[in-house]
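Structure record follows, encoded as structure tokens.
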Amino acid sequence: MTILVTGGAGFIGSNFIIEWLGQSEEKVVNLDKLTYAGNPENLKQVENDPRYHFVQGDIGDTQLVSALLNEFRIRAVVNFAAESHVDRSIRGPEDFIQTNMVGTFRLLEAARSYWSALEDKSHFRFLHVSTDEVYGSLSPDDPAFTETSRYEPNSPYSASKAASDHLVRAWYHTYDLPVLTTNCSNNYGPYQFPEKLIPLMISNALSGKPLPVYGDGQHVRDWLYVKDHCSALRTVLDKGKTGEVYNIGGGNEKTNLEVVHILCDILDELRSRSDGLSYKEQVVFIEDRPGHDRRYAINAAKLQQELGWAPAETFETGIHKTVKWYLDNQEWMQNVTNGSYRNWMKEHYSQ
Ligand code: NAD
Ligand code: DAU
């Protein structure tokens, strides 16, 4: 059997594929458009594995997706493909509408047509990977988001993801397509593109640049180590009830300033500055993100109690591993920050 992973050359998708191939005999087809965020170098360790097959393409290309579903007799689709960065969605929402909404719609339609023709329809699954940002922003005393929290997206990114979640829901209720949706909190770990808070801070700190904290730095995010997200997705794929939504989170609420200070402390310990001062010296407060959500927090009780999932990492263990990974993989970081990963892609995929 084979699964189709979309967006598998991005941050979470590449971690998911590496974990999957390490734990299962099943083949993986990775369909990725290779936008700026897609980097097949993330998958170097599995690129020669006969169970791994990479295809460059768009989830909105119905002909291509249908051909892949049929050729590989796909038993599950795991949809990571998306434009994922809030700041980019503010500067230019168009790609977010195209991939997150139209792309998901076309992927659903291709999956529906394939699934309708299957003799045994009962084993097929469409797992849609989504975000806690669809629920909007919490005040300090609000309880954490549950699966029944109201959708109140505030950025073009979260609105486009909310729309995709609604499409997935509708394809279940209207057409019986066996879907599962997950809404996860902020991920961190290896292979994250250094436009996101944690890898950006590590990269800037090491290159002596400012550490830009938006607004007052008191915005709260609920952090989850990426491999725990991957194990949760696997649990949902294996044991989740179709038509259901599962929130995923590790219960690690931190203000952005706390996160930046923790990163500085770890770097001070593992790679101290040559002048002996703390990396905290590099922190600067800059203009806030427009419409910046104040707080996210996830209640993952449903996933924990009904499906028996639990994260393996605390924030303390996960963030240590993460900083160490970026220190040990500075070539990866340099290739991404100076853009040379695009050349690597050209050589490998003659794009
Ligand atoms: P990412 O930006 O690192 O990777 C996205 C991948 O999708 C890239 O490889 C890109 O090339 C690919 N892609 C983009 N448009 C495509 C298209 N039209 N067709 C095929 N491939 C396309 O994103 P990520 O952080 O790995 O997030 C993956 C998914 O998880 C997204 O759907 C995101 O909304 C969701 N999510 C992310 C987080 C997080 O903290 N990063 C948390 C919760 C949910
Ligand atoms: O909550 C899940 C979401 O988490 C995912 O759906 C998104 O795909 C993912 O990008 C992430 O969104 P955020 O906007 O929370 O992540 P980001 O890393 O961009 O920012 C985290 C927080 O840090 C946010 O409050 C903004 C702040 N920030 C970010 C950057 C890049 C800064 O203060 N300075 C920065 O330079």
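Numbering starts fresh at 1 for the residues of each chain in the structure tokens, the chains themselves are lettered A, B, ... in the order given, and ligands are numbered from 1 as they appear.
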
(request) Assign secondary structure with DSSP using the backbone only, and return the residues of segment 90-235 of chain A in helix (DSSP H, G or I) as a PyMOL selection string. (result) chain A and resi 90-91+94-116+132-135+156-175+197-206+226-235

(message) Show me which residues line ligand 2, defined as having an atom within 6 Å of a ligand atom where only C-alpha atoms and all ligand atoms count, and present them as an NGL selection string.
(response) :A and (84-86 or 131-133 or 185-186 or 195-197 or 212-214 or 219 or 256)

(request) Rank A:Gln192, A:Trp115, A:Thr2, A:Glu26 by their smallest atom-to-atom distance to ligand 1, using only C-alpha atoms and all ligand atoms, and report the top residue only. (result) A:Gln192

(request) From a DSSP pass on the backbone, collect the residues of segment 234-273 of chain A flagged as strand (DSSP E) and hand them back as JSON, numbers by chain. (result) {"A": [245, 246, 247, 248, 253, 254, 255]}

Output C-alpha atoms of each residue in that selection to a file, as an mmCIF file, in the first residue's frame.
data_model
loop_
_atom_site.group_PDB
_atom_site.id
_atom_site.type_symbol
_atom_site.label_atom_id
_atom_site.label_comp_id
_atom_site.auth_asym_id
_atom_site.auth_seq_id
_atom_site.Cartn_x
_atom_site.Cartn_y
_atom_site.Cartn_z
ATOM 1 C CA VAL A 245 -11.779 16.911 13.868
ATOM 2 C CA TYR A 246 -8.838 16.479 16.274
ATOM 3 C CA ASN A 247 -6.928 19.307 17.917
ATOM 4 C CA ILE A 248 -3.197 18.687 18.378
ATOM 5 C CA GLU A 253 2.109 28.218 26.133
ATOM 6 C CA LYS A 254 4.908 30.777 26.028
ATOM 7 C CA THR A 255 5.130 34.462 25.167
#

(request) Could the residues that lie within 7 Å of ligand 1, counting only C-alpha atoms and all ligand atoms, be listed as a PyMOL selection string? (result) chain A and resi 6-13+31-39+57-60+79-85+99+103+129-132+161+183-188+192-193

For the residues in the current selection, export C-alpha atoms as a tab-separated table (two decimals), in the first residue's frame.
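What landed in selection_34.tsv:
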chain	number	residue	atom	x	y	z
A	6	THR	CA	1.33	16.57	-0.43
A	7	GLY	CA	3.73	19.35	0.50
A	8	GLY	CA	6.20	16.76	1.75
A	9	ALA	CA	9.26	18.88	0.91
A	10	GLY	CA	8.26	21.52	3.47
A	11	PHE	CA	8.98	21.62	7.19
A	12	ILE	CA	6.36	19.31	8.70
A	13	GLY	CA	5.88	17.16	5.59
A	31	LEU	CA	3.73	15.55	-4.40
A	32	ASP	CA	5.24	18.99	-3.90
A	33	LYS	CA	5.23	22.09	-6.08
A	34	LEU	CA	8.61	23.18	-4.68
A	35	THR	CA	7.69	26.75	-3.87
A	36	TYR	CA	10.28	28.81	-1.99
A	37	ALA	CA	9.33	26.71	1.10
A	38	GLY	CA	9.84	23.32	-0.51
A	39	ASN	CA	13.33	21.95	-0.17
A	57	GLY	CA	3.63	19.24	-9.10
A	58	ASP	CA	0.65	21.21	-7.86
A	59	ILE	CA	-2.21	19.86	-5.74
A	60	GLY	CA	-4.43	21.94	-8.05
A	79	ASN	CA	-2.49	17.01	2.79
A	80	PHE	CA	0.26	19.30	4.08
A	81	ALA	CA	0.56	21.40	0.90
A	82	ALA	CA	-0.13	25.03	1.68
A	83	GLU	CA	1.21	28.52	1.79
A	84	SER	CA	1.99	28.66	5.49
A	85	HIS	CA	3.47	32.00	6.52
A	99	THR	CA	-3.22	26.82	-3.01
A	103	GLY	CA	-5.85	23.65	-4.43
A	129	VAL	CA	-3.55	19.03	8.12
A	130	SER	CA	-4.73	22.36	9.47
A	131	THR	CA	-4.00	24.93	12.11
A	132	ASP	CA	-5.24	26.33	15.42
A	161	LYS	CA	-7.00	27.52	5.97
A	183	ASN	CA	-5.88	21.56	13.87
A	184	CYS	CA	-2.43	21.90	15.38
A	185	SER	CA	-0.61	24.56	17.35
A	186	ASN	CA	2.80	26.11	16.47
A	187	ASN	CA	5.42	23.55	15.47
A	188	TYR	CA	9.17	23.81	15.89
A	192	GLN	CA	11.77	24.76	9.51
A	193	PHE	CA	12.15	27.59	7.02

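Taking only C-alpha atoms, the non-local environment of segment 109-111 of chain A within 8 Å (same-chain residues fewer than 6 positions away omitted) comprises Thr62, Val65, Ser66, Leu69 and Phe126 of chain A.
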
(message) Applying 10 Å and only C-alpha atoms, which residues near segment 331-335 of chain A remain after dropping the ones on its own chain fewer than 4 positions away? List them as a list in words.
(response) Glu41, Asn42, Tyr191, Gln192, Phe193, Pro194, Pro199, Leu200, Ile202, Ser203, Tyr326, Leu327, Gly339, Ser340, Tyr341, Arg342, Asn343 and Trp344 of chain A

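Candidate residues A:His53, A:His229, A:Arg271, A:Lys121 were compared for distance to Lys324 of chain A, and the nearest is A:Arg271, using only C-alpha atoms.
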
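Among the candidate residues A:Leu237, A:Lys280, A:Ser231, A:Thr337, the one lying nearest to Glu313 of chain A is A:Ser231, with distances computed using only C-alpha atoms.
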
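Note that atom CA of Gly189 of chain A and atom CA of Gly249 of chain A are 14.4 Å apart.
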
(request) Excluding segment 293-308 of chain A and any residue of its chain fewer than 3 positions from it, enumerate the residues within 10 Å of it, using only C-alpha atoms, and give them as a count of residues only. (result) 50

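Across the model, the gap from atom CA of Tyr52 of chain A to atom CA of Ser113 of chain A is 24.7 Å.
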
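Taking only C-alpha atoms, the non-local environment of His123 of chain A within 10 Å (same-chain residues fewer than 4 positions away omitted) comprises A:Arg75, A:Ala76, A:Trp115, A:Leu118, A:Pro178.
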
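Our summary of the geometry notes that atom CA of Glu71 of chain A is positioned 14.7 Å from atom CA of Val5 of chain A.
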